[in-house]
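What follows is the content of coords_20.txt, which has compact mmCIF, N, CA and C atoms:
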```
# COMPACT_ATOMS: atom_id res chain seq x y z
N MET A 1 71.00 55.61 93.88
CA MET A 1 72.05 54.93 94.61
C MET A 1 71.46 53.71 95.30
N LEU A 2 72.29 52.67 95.44
CA LEU A 2 71.88 51.43 96.07
C LEU A 2 73.11 50.80 96.72
N HIS A 3 72.91 50.05 97.78
CA HIS A 3 73.99 49.39 98.49
C HIS A 3 73.78 47.88 98.46
N LEU A 4 74.82 47.15 98.89
CA LEU A 4 74.73 45.71 99.11
C LEU A 4 75.03 45.45 100.58
N ILE A 5 74.52 44.33 101.10
CA ILE A 5 74.84 43.90 102.45
C ILE A 5 75.25 42.44 102.36
N LYS A 6 76.29 42.07 103.11
CA LYS A 6 76.85 40.73 103.01
C LYS A 6 77.45 40.33 104.35
N LEU A 7 77.35 39.02 104.67
CA LEU A 7 78.00 38.50 105.87
C LEU A 7 79.49 38.36 105.61
N ALA A 8 80.29 38.75 106.56
CA ALA A 8 81.75 38.55 106.49
C ALA A 8 82.03 37.22 107.19
N VAL A 9 81.81 36.13 106.46
CA VAL A 9 81.91 34.78 107.02
C VAL A 9 83.35 34.51 107.48
N GLY A 10 83.49 34.03 108.70
CA GLY A 10 84.79 33.68 109.23
C GLY A 10 85.58 34.85 109.80
N CYS A 11 85.01 36.04 109.78
CA CYS A 11 85.69 37.21 110.34
C CYS A 11 85.00 37.60 111.65
N PRO A 12 85.66 37.37 112.79
CA PRO A 12 85.03 37.71 114.06
C PRO A 12 85.03 39.20 114.38
N THR A 13 85.92 39.98 113.73
CA THR A 13 85.99 41.42 114.01
C THR A 13 86.25 42.18 112.71
N ALA A 14 85.99 43.47 112.75
CA ALA A 14 86.27 44.32 111.59
C ALA A 14 87.77 44.38 111.33
N GLU A 15 88.56 44.31 112.38
CA GLU A 15 90.01 44.32 112.22
C GLU A 15 90.48 43.08 111.47
N ASP A 16 89.85 41.95 111.76
CA ASP A 16 90.18 40.70 111.06
C ASP A 16 89.83 40.82 109.57
N LEU A 17 88.66 41.40 109.27
CA LEU A 17 88.27 41.61 107.88
C LEU A 17 89.29 42.50 107.17
N ALA A 18 89.71 43.57 107.83
CA ALA A 18 90.69 44.49 107.24
C ALA A 18 92.01 43.77 106.97
N GLY A 19 92.45 42.95 107.91
CA GLY A 19 93.69 42.21 107.73
C GLY A 19 93.63 41.22 106.58
N ARG A 20 92.53 40.51 106.48
CA ARG A 20 92.35 39.55 105.38
C ARG A 20 92.32 40.26 104.03
N GLN A 21 91.62 41.39 103.97
CA GLN A 21 91.54 42.12 102.71
C GLN A 21 92.90 42.69 102.32
N LYS A 22 93.66 43.17 103.29
CA LYS A 22 94.98 43.72 103.00
C LYS A 22 95.88 42.63 102.43
N ALA A 23 95.87 41.46 103.05
CA ALA A 23 96.69 40.34 102.57
C ALA A 23 96.27 39.91 101.17
N ARG A 24 94.96 39.85 100.94
CA ARG A 24 94.45 39.44 99.63
C ARG A 24 94.82 40.46 98.56
N ALA A 25 94.72 41.75 98.89
CA ALA A 25 95.05 42.80 97.92
C ALA A 25 96.54 42.78 97.56
N LEU A 26 97.39 42.46 98.53
CA LEU A 26 98.82 42.37 98.24
C LEU A 26 99.15 41.14 97.39
N ALA A 27 98.48 40.03 97.67
CA ALA A 27 98.75 38.78 96.96
C ALA A 27 98.17 38.77 95.55
N ASP A 28 97.00 39.39 95.37
CA ASP A 28 96.30 39.34 94.08
C ASP A 28 95.51 40.62 93.85
N PRO A 29 96.22 41.74 93.55
CA PRO A 29 95.50 43.02 93.38
C PRO A 29 94.62 43.00 92.14
N PRO A 30 93.64 43.87 92.08
CA PRO A 30 93.20 44.88 93.06
C PRO A 30 92.31 44.25 94.13
N LEU A 31 92.01 45.03 95.18
CA LEU A 31 91.13 44.55 96.24
C LEU A 31 89.74 44.32 95.65
N ARG A 32 89.28 43.10 95.79
CA ARG A 32 87.96 42.76 95.26
C ARG A 32 87.36 41.63 96.08
N HIS A 33 86.06 41.55 96.03
CA HIS A 33 85.33 40.43 96.63
C HIS A 33 84.65 39.70 95.49
N GLN A 34 84.92 38.40 95.39
CA GLN A 34 84.31 37.62 94.32
C GLN A 34 83.01 37.00 94.82
N THR A 35 82.01 37.04 93.98
CA THR A 35 80.70 36.49 94.31
C THR A 35 80.13 35.80 93.08
N ARG A 36 79.27 34.83 93.30
CA ARG A 36 78.73 34.06 92.18
C ARG A 36 77.78 34.88 91.31
N SER A 37 76.92 35.65 91.95
CA SER A 37 75.88 36.37 91.21
C SER A 37 76.29 37.80 90.88
N VAL A 38 75.97 38.22 89.69
CA VAL A 38 76.21 39.60 89.27
C VAL A 38 74.98 40.43 89.66
N PRO A 39 75.16 41.53 90.38
CA PRO A 39 74.01 42.39 90.70
C PRO A 39 73.38 42.95 89.42
N ARG A 40 72.12 42.71 89.23
CA ARG A 40 71.42 43.22 88.04
C ARG A 40 71.32 44.74 88.07
N ARG A 41 71.38 45.29 89.26
CA ARG A 41 71.26 46.74 89.42
C ARG A 41 72.62 47.40 89.65
N ALA A 42 73.66 46.84 89.03
CA ALA A 42 75.04 47.31 89.22
C ALA A 42 75.19 48.79 88.91
N GLY A 43 74.47 49.28 87.91
CA GLY A 43 74.56 50.70 87.54
C GLY A 43 74.16 51.64 88.67
N GLU A 44 73.30 51.18 89.57
CA GLU A 44 72.87 51.99 90.71
C GLU A 44 73.86 51.92 91.87
N ILE A 45 74.78 50.96 91.80
CA ILE A 45 75.70 50.72 92.92
C ILE A 45 77.08 51.33 92.68
N VAL A 46 77.64 51.09 91.51
CA VAL A 46 79.04 51.46 91.23
C VAL A 46 79.30 52.94 91.43
N GLY A 47 80.35 53.23 92.21
CA GLY A 47 80.80 54.61 92.42
C GLY A 47 80.05 55.37 93.48
N ARG A 48 78.84 54.94 93.80
CA ARG A 48 78.05 55.67 94.80
C ARG A 48 77.64 54.77 95.97
N GLY A 49 77.50 53.49 95.70
CA GLY A 49 77.04 52.56 96.72
C GLY A 49 78.19 51.91 97.48
N SER A 50 77.83 51.22 98.54
CA SER A 50 78.80 50.54 99.39
C SER A 50 78.34 49.12 99.66
N ILE A 51 79.27 48.30 100.13
CA ILE A 51 78.92 46.99 100.66
C ILE A 51 79.00 47.11 102.17
N TYR A 52 77.92 46.76 102.84
CA TYR A 52 77.85 46.81 104.30
C TYR A 52 78.15 45.40 104.81
N TRP A 53 79.17 45.27 105.65
CA TRP A 53 79.61 43.97 106.14
C TRP A 53 78.97 43.66 107.49
N VAL A 54 78.35 42.47 107.56
CA VAL A 54 77.78 41.95 108.80
C VAL A 54 78.85 41.08 109.45
N ILE A 55 79.28 41.48 110.65
CA ILE A 55 80.34 40.79 111.37
C ILE A 55 79.81 40.42 112.75
N SER A 56 79.87 39.13 113.07
CA SER A 56 79.39 38.63 114.37
C SER A 56 77.96 39.07 114.66
N GLY A 57 77.11 39.02 113.65
CA GLY A 57 75.69 39.31 113.82
C GLY A 57 75.29 40.77 113.76
N PHE A 58 76.25 41.68 113.52
CA PHE A 58 75.94 43.11 113.45
C PHE A 58 76.55 43.72 112.20
N VAL A 59 75.82 44.62 111.56
CA VAL A 59 76.43 45.44 110.52
C VAL A 59 77.42 46.33 111.25
N GLN A 60 78.70 46.30 110.85
CA GLN A 60 79.70 47.05 111.59
C GLN A 60 80.50 48.03 110.74
N VAL A 61 80.74 47.69 109.47
CA VAL A 61 81.54 48.55 108.60
C VAL A 61 80.98 48.52 107.18
N ARG A 62 81.40 49.50 106.38
CA ARG A 62 81.04 49.54 104.98
C ARG A 62 82.26 49.90 104.15
N GLN A 63 82.20 49.53 102.87
CA GLN A 63 83.24 49.90 101.91
C GLN A 63 82.57 50.33 100.63
N ARG A 64 83.11 51.38 100.01
CA ARG A 64 82.58 51.82 98.72
C ARG A 64 82.89 50.77 97.66
N ILE A 65 81.94 50.57 96.76
CA ILE A 65 82.13 49.68 95.63
C ILE A 65 82.51 50.56 94.45
N VAL A 66 83.73 50.38 93.93
CA VAL A 66 84.22 51.25 92.87
C VAL A 66 84.01 50.67 91.48
N ALA A 67 83.81 49.35 91.38
CA ALA A 67 83.56 48.72 90.08
C ALA A 67 82.95 47.35 90.29
N ILE A 68 82.19 46.91 89.32
CA ILE A 68 81.64 45.55 89.30
C ILE A 68 81.94 44.99 87.92
N GLU A 69 82.72 43.89 87.88
CA GLU A 69 83.16 43.34 86.60
C GLU A 69 83.09 41.83 86.60
N PRO A 70 83.00 41.22 85.41
CA PRO A 70 83.10 39.75 85.33
C PRO A 70 84.49 39.32 85.76
N ASP A 71 84.59 38.15 86.37
CA ASP A 71 85.87 37.64 86.85
C ASP A 71 85.83 36.12 86.78
N LEU A 72 86.92 35.49 87.19
CA LEU A 72 87.02 34.04 87.20
C LEU A 72 87.50 33.57 88.56
N TRP A 73 86.88 32.49 89.09
CA TRP A 73 87.38 31.86 90.29
C TRP A 73 88.72 31.21 89.94
N ASP A 74 89.44 30.75 90.93
CA ASP A 74 90.73 30.10 90.71
C ASP A 74 90.61 28.87 89.81
N ASP A 75 89.45 28.20 89.82
CA ASP A 75 89.26 27.00 88.99
C ASP A 75 88.79 27.32 87.57
N GLY A 76 88.68 28.61 87.24
CA GLY A 76 88.29 29.03 85.90
C GLY A 76 86.80 29.26 85.71
N THR A 77 86.00 29.00 86.74
CA THR A 77 84.56 29.21 86.68
C THR A 77 84.25 30.71 86.71
N ALA A 78 83.27 31.13 85.93
CA ALA A 78 82.89 32.54 85.88
C ALA A 78 82.27 33.00 87.20
N CYS A 79 82.58 34.22 87.57
CA CYS A 79 82.00 34.84 88.76
C CYS A 79 81.97 36.35 88.55
N CYS A 80 81.67 37.08 89.60
CA CYS A 80 81.61 38.53 89.55
C CYS A 80 82.57 39.10 90.58
N ALA A 81 83.29 40.15 90.23
CA ALA A 81 84.21 40.80 91.16
C ALA A 81 83.67 42.16 91.55
N LEU A 82 83.52 42.36 92.84
CA LEU A 82 83.16 43.67 93.38
C LEU A 82 84.47 44.33 93.79
N HIS A 83 84.91 45.33 93.05
CA HIS A 83 86.15 46.04 93.38
C HIS A 83 85.83 47.04 94.49
N LEU A 84 86.62 46.97 95.55
CA LEU A 84 86.33 47.73 96.76
C LEU A 84 87.38 48.78 97.07
N ASP A 85 86.93 49.88 97.62
CA ASP A 85 87.83 50.89 98.19
C ASP A 85 88.42 50.24 99.44
N PRO A 86 89.71 50.36 99.71
CA PRO A 86 90.29 49.69 100.87
C PRO A 86 89.87 50.26 102.23
N VAL A 87 89.26 51.42 102.25
CA VAL A 87 88.87 52.05 103.52
C VAL A 87 87.60 51.40 104.07
N LEU A 88 87.70 50.89 105.30
CA LEU A 88 86.53 50.36 106.02
C LEU A 88 86.00 51.47 106.91
N THR A 89 84.76 51.89 106.68
CA THR A 89 84.14 52.96 107.44
C THR A 89 83.22 52.36 108.50
N PRO A 90 83.49 52.57 109.79
CA PRO A 90 82.61 52.04 110.83
C PRO A 90 81.21 52.66 110.73
N VAL A 91 80.21 51.83 110.93
CA VAL A 91 78.82 52.30 110.92
C VAL A 91 78.19 51.99 112.27
N GLU A 92 77.07 52.62 112.52
CA GLU A 92 76.32 52.36 113.75
C GLU A 92 75.94 50.88 113.77
N PRO A 93 76.38 50.12 114.79
CA PRO A 93 76.08 48.69 114.82
C PRO A 93 74.58 48.42 114.81
N ARG A 94 74.19 47.45 114.02
CA ARG A 94 72.77 47.10 113.91
C ARG A 94 72.69 45.59 113.75
N PRO A 95 71.88 44.89 114.58
CA PRO A 95 71.81 43.43 114.46
C PRO A 95 71.16 43.01 113.14
N VAL A 96 71.68 41.91 112.59
CA VAL A 96 71.15 41.36 111.33
C VAL A 96 71.13 39.85 111.46
N LYS A 97 70.02 39.23 111.09
CA LYS A 97 69.92 37.77 111.10
C LYS A 97 70.74 37.21 109.94
N PRO A 98 71.26 36.00 110.11
CA PRO A 98 72.06 35.38 109.04
C PRO A 98 71.26 35.19 107.74
N PHE A 99 71.94 35.29 106.62
CA PHE A 99 71.36 35.05 105.30
C PHE A 99 72.48 34.58 104.39
N GLN A 100 72.13 34.04 103.25
CA GLN A 100 73.14 33.58 102.30
C GLN A 100 73.35 34.60 101.20
N GLY A 101 74.57 34.67 100.69
CA GLY A 101 74.87 35.56 99.58
C GLY A 101 74.85 37.01 100.01
N TRP A 102 74.52 37.87 99.07
CA TRP A 102 74.39 39.30 99.37
C TRP A 102 72.95 39.71 99.11
N ARG A 103 72.58 40.86 99.62
CA ARG A 103 71.24 41.42 99.41
C ARG A 103 71.40 42.89 99.04
N TYR A 104 70.41 43.42 98.33
CA TYR A 104 70.37 44.85 98.10
C TYR A 104 69.99 45.53 99.41
N LEU A 105 70.51 46.73 99.62
CA LEU A 105 70.20 47.51 100.81
C LEU A 105 69.85 48.92 100.38
N ASP A 106 68.61 49.29 100.62
CA ASP A 106 68.14 50.63 100.28
C ASP A 106 68.88 51.66 101.14
N PRO A 107 69.29 52.78 100.57
CA PRO A 107 70.01 53.80 101.35
C PRO A 107 69.26 54.26 102.60
N ALA A 108 67.94 54.30 102.53
CA ALA A 108 67.15 54.73 103.69
C ALA A 108 67.25 53.73 104.84
N ALA A 109 67.52 52.46 104.53
CA ALA A 109 67.62 51.42 105.55
C ALA A 109 69.06 51.20 106.03
N ALA A 110 70.02 51.83 105.38
CA ALA A 110 71.44 51.63 105.73
C ALA A 110 71.77 52.36 107.03
N PRO A 111 72.56 51.72 107.91
CA PRO A 111 72.95 52.41 109.14
C PRO A 111 73.89 53.58 108.84
N PRO A 112 73.79 54.65 109.60
CA PRO A 112 74.66 55.80 109.36
C PRO A 112 76.10 55.49 109.78
N ASP A 113 77.03 56.22 109.19
CA ASP A 113 78.43 56.10 109.59
C ASP A 113 78.55 56.43 111.07
N LEU A 114 79.42 55.72 111.77
CA LEU A 114 79.56 55.91 113.21
C LEU A 114 79.98 57.32 113.56
N ALA A 115 80.83 57.94 112.77
CA ALA A 115 81.27 59.31 113.05
C ALA A 115 80.07 60.26 113.04
N ARG A 116 79.14 60.07 112.08
CA ARG A 116 77.94 60.91 112.04
C ARG A 116 77.00 60.58 113.16
N ALA A 117 76.83 59.27 113.44
CA ALA A 117 75.89 58.84 114.48
C ALA A 117 76.36 59.29 115.86
N ALA A 118 77.69 59.34 116.04
CA ALA A 118 78.24 59.71 117.34
C ALA A 118 78.63 61.17 117.43
N ALA A 119 78.19 61.98 116.49
CA ALA A 119 78.58 63.40 116.48
C ALA A 119 78.20 64.09 117.79
N VAL A 120 77.07 63.72 118.37
CA VAL A 120 76.64 64.33 119.62
C VAL A 120 77.40 63.71 120.79
N ASP A 121 77.70 62.42 120.70
CA ASP A 121 78.36 61.70 121.78
C ASP A 121 79.69 61.14 121.30
N ARG A 122 80.75 61.92 121.37
CA ARG A 122 82.08 61.51 120.91
C ARG A 122 82.62 60.33 121.73
N GLY A 123 82.08 60.12 122.93
CA GLY A 123 82.53 59.00 123.75
C GLY A 123 82.28 57.66 123.08
N THR A 124 81.18 57.55 122.36
CA THR A 124 80.87 56.31 121.66
C THR A 124 81.95 55.98 120.64
N LEU A 125 82.40 56.95 119.92
CA LEU A 125 83.43 56.75 118.90
C LEU A 125 84.76 56.35 119.53
N ALA A 126 85.02 56.80 120.75
CA ALA A 126 86.28 56.50 121.43
C ALA A 126 86.30 55.09 122.03
N MET A 127 85.14 54.45 122.17
CA MET A 127 85.07 53.11 122.75
C MET A 127 85.74 52.08 121.85
N PRO A 128 86.32 51.06 122.45
CA PRO A 128 86.84 49.95 121.63
C PRO A 128 85.69 49.27 120.88
N ALA A 129 85.97 48.74 119.70
CA ALA A 129 84.94 48.13 118.87
C ALA A 129 84.21 47.00 119.61
N ARG A 130 84.96 46.20 120.35
CA ARG A 130 84.34 45.08 121.09
C ARG A 130 83.32 45.60 122.09
N MET A 131 83.64 46.67 122.80
CA MET A 131 82.72 47.24 123.78
C MET A 131 81.46 47.76 123.08
N ARG A 132 81.63 48.44 121.93
CA ARG A 132 80.45 48.93 121.18
C ARG A 132 79.55 47.78 120.78
N ARG A 133 80.15 46.66 120.30
CA ARG A 133 79.37 45.48 119.90
C ARG A 133 78.59 44.92 121.08
N GLU A 134 79.27 44.78 122.23
CA GLU A 134 78.61 44.22 123.41
C GLU A 134 77.47 45.11 123.91
N LEU A 135 77.70 46.41 123.92
CA LEU A 135 76.65 47.35 124.33
C LEU A 135 75.48 47.33 123.35
N ALA A 136 75.78 47.22 122.05
CA ALA A 136 74.72 47.15 121.03
C ALA A 136 73.91 45.86 121.21
N ALA A 137 74.59 44.74 121.52
CA ALA A 137 73.91 43.48 121.72
C ALA A 137 72.96 43.55 122.92
N LEU A 138 73.31 44.36 123.91
CA LEU A 138 72.46 44.54 125.09
C LEU A 138 71.37 45.59 124.87
N GLY A 139 71.39 46.24 123.70
CA GLY A 139 70.42 47.27 123.40
C GLY A 139 70.72 48.60 124.05
N LEU A 140 71.97 48.80 124.46
CA LEU A 140 72.35 50.03 125.14
C LEU A 140 72.95 51.07 124.20
N LEU A 141 73.20 50.71 122.98
CA LEU A 141 73.71 51.66 121.97
C LEU A 141 72.77 51.69 120.80
```
Now that the file is in, can you turn its structure into structure tokens?
Amino acid sequence: MLHLIKLAVGCPTAEDLAGRQKARALADPPLRHQTRSVPRRAGEIVGRGSIYWVISGFVQVRQRIVAIEPDLWDDGTACCALHLDPVLTPVEPRPVKPFQGWRYLDPAAAPPDLARAAAVDRGTLAMPARMRRELAALGLL
């Protein structure tokens, strides 16, 4: 199994990412993210791996990647489509420096789902997302 990590450019919150994806899926189904490069290790990702979204400098959510297929941009140029499960799963916030494109993410380096990470402390899960981000930025979470 293998994951991808990508910046959610222009999305200040996970809620904003969810809203944009919902609108895009309604306008042009299925839900997919188009990218220039095709992952060479797609066989290790599809069906088992996820894309981890970096939002406002922190990995905050992940989505399962259900398929990777050739696609076309609106101008007819070839690209790759990452077909995504619509469910955004919150993960333990972790700071990430900016980078371009996507990167492979080893499962051992992936942040755990927030529900699992907060199993001992349910209060963390009950906090608003903005508060969790601010506390993580201060190193308190």
Can you tell me, as JSON, numbers by chain, which residues in stretch 12-140 of chain A count as alpha helix (DSSP H) by DSSP? {"A": [14, 15, 16, 17, 18, 19, 20, 21, 22, 23, 24, 25, 26, 27, 42, 43, 44, 45, 114, 115, 116, 117, 122, 123, 124, 125, 126, 129, 130, 131, 132, 133, 134, 135, 136, 137]}
For a quick check of understanding, using all atoms listed in the file, which of A:Cys80, A:Val66, A:Ala109, A:Ala18 has the smallest distance to A:Arg48? A:Val66
note - atom CA of A:Glu134 and atom CA of A:Pro112 are separated by 18.6 Å
Edge lengths and centre in Å to one decimal, as AutoDock Vina command-line options, is what I'm after for the box along x, y and z that holds all listed atoms of stretch 66-74 of chain A once 8 Å is added on each side.
```
--center_x 86.2 --center_y 40.1 --center_z 89.6 --size_x 25.1 --size_y 38.4 --size_z 24.6
```
Report as an MDAnalysis selection string: the residues of chain A with a DSSP assignment of strand (DSSP E or B), based on the backbone of this structure. chainID A and resid 3:7 32:35 50:55 58:72 78:84 89:95 102:105 113
Closest of A:Asp106, A:Val59, A:Trp73, A:Ala78 to A:Glu92, counting only C-alpha atoms, is A:Val59
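In this comparison, which uses only C-alpha atoms, the residue of A:Lys97, A:Arg24, A:Arg62, A:His3 approaching A:Gly43 most closely is A:His3.
From atom CA of A:Ser56 back to atom CA of A:Pro12, the distance works out to 5.7 Å.
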Leaving out A:Asp71 and any residue of its chain fewer than 5 positions from it, which residues lie within 8 Å of it when counting all atoms listed in the file, given as a PyMOL selection string? chain A and resi 34+76-82
Spatial neighbours of A:Ile55, 8 Å, only C-alpha atoms, chain gap at least 4 places, as a PDB file with N, CA and C atoms, keeping the file's coordinate frame:
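That gives us around09.pdb:
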```pdb
ATOM      1  N   LEU A   7      77.350  39.020 104.670  1.00  0.00           N
ATOM      2  CA  LEU A   7      78.000  38.500 105.870  1.00  0.00           C
ATOM      3  C   LEU A   7      79.490  38.360 105.610  1.00  0.00           C
ATOM      4  N   ALA A   8      80.290  38.750 106.560  1.00  0.00           N
ATOM      5  CA  ALA A   8      81.750  38.550 106.490  1.00  0.00           C
ATOM      6  C   ALA A   8      82.030  37.220 107.190  1.00  0.00           C
ATOM      7  N   VAL A   9      81.810  36.130 106.460  1.00  0.00           N
ATOM      8  CA  VAL A   9      81.910  34.780 107.020  1.00  0.00           C
ATOM      9  C   VAL A   9      83.350  34.510 107.480  1.00  0.00           C
ATOM     10  N   CYS A  11      85.010  36.040 109.780  1.00  0.00           N
ATOM     11  CA  CYS A  11      85.690  37.210 110.340  1.00  0.00           C
ATOM     12  C   CYS A  11      85.000  37.600 111.650  1.00  0.00           C
ATOM     13  N   PRO A  12      85.660  37.370 112.790  1.00  0.00           N
ATOM     14  CA  PRO A  12      85.030  37.710 114.060  1.00  0.00           C
ATOM     15  C   PRO A  12      85.030  39.200 114.380  1.00  0.00           C
ATOM     16  N   THR A  13      85.920  39.980 113.730  1.00  0.00           N
ATOM     17  CA  THR A  13      85.990  41.420 114.010  1.00  0.00           C
ATOM     18  C   THR A  13      86.250  42.180 112.710  1.00  0.00           C
ATOM     19  N   ALA A  14      85.990  43.470 112.750  1.00  0.00           N
ATOM     20  CA  ALA A  14      86.270  44.320 111.590  1.00  0.00           C
ATOM     21  C   ALA A  14      87.770  44.380 111.330  1.00  0.00           C
ATOM     22  N   VAL A  59      75.820  44.620 111.560  1.00  0.00           N
ATOM     23  CA  VAL A  59      76.430  45.440 110.520  1.00  0.00           C
ATOM     24  C   VAL A  59      77.420  46.330 111.250  1.00  0.00           C
ATOM     25  N   GLN A  60      78.700  46.300 110.850  1.00  0.00           N
ATOM     26  CA  GLN A  60      79.700  47.050 111.590  1.00  0.00           C
ATOM     27  C   GLN A  60      80.500  48.030 110.740  1.00  0.00           C
TER      28      GLN A  60
END
```
Figure out the distance between atom N of A:Ser50 and atom N of A:Gln63, please, to one decimal in Å.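 For atom N of A:Gln63 relative to atom N of A:Ser50, the distance reads 6.4 Å.
Residue nearest A:Ala129 within the list A:Asp16, A:Ile65, A:Phe99, A:Ala110: A:Asp16 [criterion: smallest interatomic distance, only C-alpha atoms].
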For A:Leu31, which residue among A:Pro95, A:Ile68, A:Leu138, A:Leu84 is the nearest when counting only C-alpha atoms?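 Using only C-alpha atoms, A:Leu31 sits closest to A:Leu84.
Nearest residue to A:Asp85 among A:Ala67, A:Val54, A:Leu72, A:Ala108 is A:Ala67, counting all atoms listed in the file.
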